[in-house]
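A.B. asks: Let me give you the structure first, and then I'll get to my questions.
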Amino acid sequence: MATSMFKLSSALFNSSKNFRCVVRLVDKANFSTTSIVARKERDTFGELDVPDDKLYGAQTVRSVMNFPIGGIEERMPYPVIVAFGILKKAAAKVNIEYGLDKKIAEAIMQACEDVISGKLYREGHFPLVIWQTGSGTQSNMNTNEVISNRAIQILGGKLGSKDPVHPNDHVNKSQSSNDTYPTAMHIAVAMELRDRLMPGLVALRDTLLAKSKEFDKIIKIGRTHLMDAVPLTLGQEFSAYATQLTYGMERVCATLPRLHYLALGGTAVGTGLNTRVGFAEKCAAEIAALTGIPFETAPNKFEALACHDALVEVSGALNTVAVSLMKIANDIRLLASGPRCGLAELLLPENEPGSSIMPGKVNPTQCEALTMVAAQVMGNHVACTVGGSNGHFELNVFKPMIVANVLRSIRLIGDGCQAFNKNCAVGIRANEAQISKIMRESLMLVTALNPHIGYDKAAQIAKTAHKEGGTLKDTAIKLGILTAEQFDQWVRPEDMLGPK
C-alpha cells in the first residue's frame with residue numbers, strides 16, 4: 001500500500017464525536033481491518049482508506065497526510081468554505097445550460113446548501129489547513145469531493161463511487177482550482193467586509209461622533225509632541241477620531257470595485273480553456289444574486305489568476321484602519337491615565353479587577369485589547385504584501401495565506417470595534433474638574449497674547465512663569481508687560497477655539 005508508512009489519526013481528520021474509527025496505516029503486516037471503519041477511494045495516485053463517516057475523498061486524505069501543519073487551529077477559514085459552496089452552486093446551475101444533467105445539477109446544488117449553511121464544516125468534512133498548495137487546489141478538491149459524495153447520498157448512490165456524481169467531471173465542470181480558489185477568496189472577503197467589519201466600524205464611529213457632540217462645550221488643553229499646546233474642546237478632539245473611522249470605511253469601500261471582479265471562467269491560466277462562451281458572465285451574475293453583492297466577471301482573467309493586488313489593496317485599507325484604531329485607543333488610555341497621578345481627563349468604564357497584587361487597581365483593558373488587534377492587523381498586512389508580490393508568471397501561489405490573513409484582519413477589527421464600543425466607548429465620561437484645572441495651569445495660553453504684545457514678550461512671560469512657578473497672569477503683571485484687565489480681556493480659552 002502506497003501509504004503504508006503514514007500514520008493517520010482521527011485528530012488529523014478533525015473528527016466529530018460520531019467518528020467510528022482511528023485509521024493507523026503502519027505497515028501491511030500490522031494493518032488490521034477489524035479496527036477500522038473505512039471505505040476505499042481512489043485518486044490518480046492510487047487507493048486510500050477514507051473514514052467512512054466523512055464525505056471527503058482520497059485527495060483530501062492525501063492532503064491531510066502531506067500537510068500536517070498547525071492542526072485544527074490552522075484550518076481553512078470558514079468563510080472560504082462557504083464561498084466555495086456558493087460558487088459551486090452557481091456553476092452547477094449555469095452548467096445546466098451547457099449540458100450538465102439537470103438531476104445531477106440539482107443534487108449538486110442541494111449539497112452546496114449544506115456547505116453554505118456550515119453544516120458540513122461543523123461536522124468535520126473540511127479538515128484541510130491553510131498551509132498546503134499555494135493555489136488552494138487541495139481545498140477545491142476537498143469541496144468537490146464533499147459535494148460529490150453528498151450529492152451521491154441525495155441520489156441514493158454509494159459513497160465514494162463517484163457515480164452518478166463525479167467530483168471533477170460534474171462538480172468542477174468548466175472550472176480549475178486556479179480560478180475557483182481566487183473566486184472564493186473574493187466572495188469570502190466581500191461578504192466578511194459587509195457582515196463582520198462594517199457593523200463594528202459603524203458602531204464605534206457613531207459612538208465617537210455622539211461623544212464629540214456630547215463634549216463640544218468642554219474646553220481643554222491641547223497637546224502636541226506630548227507637551228502643552230493651545231486649547232480645543234474635548235468634542236473637537238473626539239471629532240478627529242470619528243472622522244478617522246469615517247475615512248477608514250471610505251478607504252475600504254474604495255477597494256470594492258476590484259474585489260467584486262471574479263476569476264471564475266479563467267480556468268488554468270486565464271484563457272478559459274474547457275469553458276463555454278457566457279459561462280463566466282452567467283456564473284458571476286448568479287453569485288451576485290446568491291450573495292446580494294454586485295460581483296461581475298473579471299475583465300482580464302490573466303490578472304485575476306496571476307496576482308492578488310485586489311486583496312493586497314483590501315489589506316492595505318484594513319492596515320490604515322488599524323493605524324487609526326491604534327492612535328484612537330492610545331489617546332483614550334493616555335487621557336484616562338491615573339486616577340490620581342495621571343492626566344485623568346477621561347473616566348473609562350470599570351469592567352474588571354486590574355491587578356492580582358494591587359487592590360482596587362483598574363486598567364484600560366479595552367484600549368489594550370484594541371491596540372493588540374491593531375498590531376496583529378499590521379503584521380497580517382506584511383504577510384499579505386509578501387504573498388501578493390510573489391505571483392510568478394501565470395499564477396500566484398500564496399493564495400490561502402493571503403486570504404487567511406485578510407479574513408483574520410477583518411474578523412479582529414470588526415470584533416475588536418464591537419467590544420471596544422460596547423465595553424468602553426459608550427461609557428466614556430469627561431472629568432470636567434480635572435480638565436479645567438489642567439487647562440488653567442497651562443503656560444501655552446500665552447499664545448493668545450501674540451497679536452497684542454508680540455511673540456518675544458509672550459515667550460518671556462511663559463518662560464519666566466515656568467522658571468519661577470508662577471501663573472501667566474501674575475508673571476505678566478510682575479514684568480510690567482500687561483495689566484490684570486488686559487490679561488483677562490485677551491487670554492480667554494473660549495476665544496481660542498477657531499479663527500477670528
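Every chain in the C-alpha cells takes a letter, A first, then B, and so on in the order presented; its residues are numbered from 1, and the ligands are numbered from 1 following the presented order.
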Might you pull out every residue within 10 Å of Asp195 in chain A, with only C-alpha atoms counted and same-chain residues fewer than 5 positions away left off, and present them as a list in words?
C.D. replies: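 Close residues of Asp195 in chain A: Val189, Ala190, Gly200, Ile410, Arg411 and Gly414 of chain A.
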A.B. asks: May I have the residues from that selection written out with C-alpha atoms, as a short mmCIF file (atom, residue, chain, number, x, y, z; two decimals), in the first residue's frame?
C.D. replies:
data_model
loop_
_atom_site.label_atom_id
_atom_site.label_comp_id
_atom_site.auth_asym_id
_atom_site.auth_seq_id
_atom_site.Cartn_x
_atom_site.Cartn_y
_atom_site.Cartn_z
CA VAL A 189 -13.66 38.73 1.78
CA ALA A 190 -16.50 40.78 0.28
CA GLY A 200 -18.20 47.14 14.09
CA ILE A 410 -11.49 41.68 9.11
CA ARG A 411 -12.59 39.48 11.99
CA GLY A 414 -14.85 44.00 13.38
#
A.B. asks: Find the residues around Gly292 in chain A up to 12 Å (only C-alpha atoms counted), leave out those fewer than 6 positions away in its own chain, and share them as a PyMOL selection string.
C.D. replies: chain A and resi 86+187+190-191+194-195+260+284-286
A.B. asks: Skipping near chain neighbours, those fewer than 5 positions away, what residues fall within 8 Å of range 432-436 of chain A using only C-alpha atoms, listed as a ChimeraX atom specification?
C.D. replies: /A:218-221,344-345
A.B. asks: Limited to N, CA, C and O atoms, could you put the picked residues into a file as a CSV table (one decimal), in the first residue's frame?
C.D. replies:
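Once written, again-v8.csv looks like this:
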chain,number,residue,atom,x,y,z
A,218,ILE,N,-16.9,71.4,26.3
A,218,ILE,CA,-15.8,71.2,27.3
A,218,ILE,C,-14.5,71.6,26.8
A,218,ILE,O,-13.9,71.0,25.9
A,219,ILE,N,-14.0,72.8,27.3
A,219,ILE,CA,-12.7,73.3,26.8
A,219,ILE,C,-11.5,72.6,27.5
A,219,ILE,O,-11.6,72.6,28.8
A,220,LYS,N,-10.5,72.2,26.8
A,220,LYS,CA,-9.4,71.5,27.5
A,220,LYS,C,-8.1,72.0,26.8
A,220,LYS,O,-8.1,72.7,25.8
A,221,ILE,N,-7.0,71.6,27.4
A,221,ILE,CA,-5.7,72.0,26.8
A,221,ILE,C,-5.4,71.0,25.7
A,221,ILE,O,-5.6,69.8,25.9
A,344,ALA,N,-5.9,61.9,33.7
A,344,ALA,CA,-7.3,61.7,34.3
A,344,ALA,C,-8.3,62.7,33.7
A,344,ALA,O,-9.2,63.1,34.4
A,345,GLU,N,-8.2,63.0,32.4
A,345,GLU,CA,-9.2,63.9,31.8
A,345,GLU,C,-10.4,63.1,31.4
A,345,GLU,O,-11.5,63.6,31.3
A.B. asks: Between A:Leu55, A:Val80, A:Ala465, A:Ala184, single out the one closest to Asn144 in chain A, counting only C-alpha atoms.
C.D. replies: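 Looking only at the distances to Asn144 in chain A, the closest residue turns out to be A:Leu55.
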A.B. asks: Measuring atom to atom with only C-alpha atoms, identify which of A:Ile147, A:Leu256, A:Ile72, A:Leu395 is nearest to Val269 in chain A.
C.D. replies: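 For Val269 in chain A, the nearest of the given residues is A:Leu395.
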